Amino acid sequence: MTSTSHPRDLRTELESLTTEAFRPELADIDRLPTLDIARLMNGEDATVAGAVAARLPQIAAAIDAVAERMTRGGRLVYAGAGTAGRLGILDASECPPTFNTDPSRVVGLIAGGPDAVVTSVEGAEDSRDLARADLGALALTPDDTVVGISASGRTPYAIGAVEHARARGCLTIGLACNPGSPLAAAADHGIEIVVGPELLTGSTRLKSGTAQKLVLNMLSTITMIRLGKTYGNLMVDVRASNDKLRARSHRIVALATGAADEDIERALTATDGEVKNAILTILADVDGPTAARLLTESDGHLRAALAAVG
């Protein structure tokens, strides 16, 4: 159902939110020299990492739960409106090139659909029904995770997404920037990064957006580490498919193995450019097909495949 709250009620609600608070000490910011404004903004940004640090236990617990489900084949789905939705789409879109994931494994949904990425779609964020329809098209399973993202923590689209997913047995996460938010309360894992009032009143693409980006970075990156997409801090789940990636792949294999250039090239050729496989052929002294089999038996975890051959 689309929200029908009275404008006066909404104004009262906004006035109670930390992210919407007015800061009278900044009322003359437009009169300051540009360098002074830049210093103020930089100082504000510097507080965000500390706000995220205060919620690391909750973030870690959510990541472990996500990884458990993705190991069983589940998906990670972000749902938000406006800036929050765009940040989810950005994080989802970066997983395939970074971790060689299938694009269907990490998905970003934004209220109003693809057009809302670049153009405001009026009223879309106020619709729980729209969130249910968007998620319904994905045919959710209990192995999936849905992350509702909203700076205010009250956006109907994000809350509706979490409610719909939870009713279908999915893992749910509510990411907000206000304490005591309805979004966090609706989710299995509530993560509230309280960054305080913005430099520009209500412009939650600033500190709130930065906080959301930092948390989404953690959710996807650490989940992928848990899924075996890295070897140490090396991105090994990549295929050398163009000149840039071939150069990067060669370097990653070199860092992981210390092998000579000709041995690295031979390994990459034998594994059709698959970095993880190439590393295994060198470190375990096996051929390409054997490396592929060992990795399949180890669910893609290179350390486990190496342990299997002693």
# chains A, B, ... in the order shown; residues from 1 in each chain; ligands from 1

$ closest_atom_pairs --of "range 139-177 of chain A" --to "range 189-193 of chain A" --cutoff "12 Å" --atoms "only C-alpha atoms" --output "Markdown table"
| residue | atom | partner | partner_atom | distance |
| --- | --- | --- | --- | --- |
| A:Thr145 | CA | A:His189 | CA | 10.7 |
| A:Val146 | CA | A:His189 | CA | 10.6 |
| A:Val147 | CA | A:His189 | CA | 9.3 |
| A:Gly148 | CA | A:Gly190 | CA | 9.7 |
| A:Ile149 | CA | A:Ile191 | CA | 9.8 |
| A:Ser150 | CA | A:Glu192 | CA | 9.9 |
| A:Ala151 | CA | A:Ile193 | CA | 8.9 |
| A:Ser152 | CA | A:Glu192 | CA | 9.9 |
| A:Gly153 | CA | A:Glu192 | CA | 8.4 |
| A:Ile159 | CA | A:Gly190 | CA | 11.7 |
| A:Val162 | CA | A:His189 | CA | 10.5 |
| A:Arg166 | CA | A:His189 | CA | 11.1 |
| A:Cys170 | CA | A:His189 | CA | 11.7 |
| A:Leu171 | CA | A:His189 | CA | 8.3 |
| A:Thr172 | CA | A:His189 | CA | 6.4 |
| A:Ile173 | CA | A:His189 | CA | 4.7 |
| A:Gly174 | CA | A:Gly190 | CA | 4.8 |
| A:Leu175 | CA | A:Ile191 | CA | 4.9 |
| A:Ala176 | CA | A:Glu192 | CA | 4.8 |
| A:Cys177 | CA | A:Ile193 | CA | 4.6 |

$ atom_distance --atom1 "CA of Leu234 in chain A" --atom2 "CA of Arg251 in chain A"
10.0 Å

$ residues_around --residues "Gly196 in chain A" --least-positions-apart "5" --cutoff "10 Å" --atoms "only C-alpha atoms" --output "number ranges by chain"
A: 17-21, 44, 47-48, 51, 177-178, 207-208

$ closest_residue --among "A:Ala211, A:Ile225, A:Ala187, A:Ala139" --to "Ala46 in chain A" --atoms "only C-alpha atoms"
A:Ala211

$ decode --residues "range 63-117 of chain A" --atoms "C-alpha atoms" --output "compact mmCIF listing (two decimals), in the first residue's frame"
# COMPACT_ATOMS: atom_id res chain seq x y z
CA ILE A 63 28.05 -11.10 7.22
CA ASP A 64 28.42 -14.56 8.75
CA ALA A 65 24.71 -15.17 8.25
CA VAL A 66 24.88 -13.96 4.62
CA ALA A 67 27.90 -16.13 3.83
CA GLU A 68 26.22 -19.22 5.29
CA ARG A 69 23.27 -18.80 2.94
CA MET A 70 25.31 -17.88 -0.11
CA THR A 71 27.38 -21.04 0.42
CA ARG A 72 24.11 -22.91 -0.13
CA GLY A 73 23.49 -21.02 -3.37
CA GLY A 74 21.53 -18.09 -2.00
CA ARG A 75 21.58 -14.56 -3.35
CA LEU A 76 22.35 -11.18 -1.78
CA VAL A 77 19.68 -8.62 -2.69
CA TYR A 78 19.85 -4.90 -1.89
CA ALA A 79 16.68 -2.81 -1.88
CA GLY A 80 16.44 0.93 -1.37
CA ALA A 81 15.16 4.22 -2.73
CA GLY A 82 17.10 7.23 -4.02
CA THR A 83 20.72 7.40 -2.89
CA ALA A 84 20.33 4.23 -0.82
CA GLY A 85 19.05 2.29 -3.82
CA ARG A 86 21.82 3.61 -6.06
CA LEU A 87 24.46 2.56 -3.53
CA GLY A 88 23.01 -0.96 -3.48
CA ILE A 89 23.06 -1.14 -7.27
CA LEU A 90 26.65 0.13 -7.31
CA ASP A 91 27.81 -2.52 -4.84
CA ALA A 92 25.97 -5.29 -6.69
CA SER A 93 27.34 -4.23 -10.07
CA GLU A 94 30.93 -4.32 -8.83
CA CYS A 95 30.81 -7.94 -7.63
CA PRO A 96 31.03 -9.67 -11.05
CA PRO A 97 34.19 -7.84 -12.23
CA THR A 98 35.83 -8.00 -8.79
CA PHE A 99 34.96 -11.53 -7.71
CA ASN A 100 33.84 -13.22 -10.94
CA THR A 101 30.37 -13.78 -9.51
CA ASP A 102 27.36 -14.50 -11.67
CA PRO A 103 25.40 -11.21 -11.96
CA SER A 104 22.35 -12.96 -10.52
CA ARG A 105 24.10 -13.70 -7.19
CA VAL A 106 24.24 -10.08 -5.95
CA VAL A 107 21.32 -7.94 -7.06
CA GLY A 108 20.43 -4.28 -6.53
CA LEU A 109 16.83 -3.05 -6.58
CA ILE A 110 15.83 0.61 -6.55
CA ALA A 111 12.34 2.00 -6.01
CA GLY A 112 11.06 3.06 -9.41
CA GLY A 113 13.22 0.66 -11.39
CA PRO A 114 16.28 1.36 -13.60
CA ASP A 115 15.08 4.85 -14.56
CA ALA A 116 15.35 5.87 -10.89
CA VAL A 117 19.13 5.41 -11.02
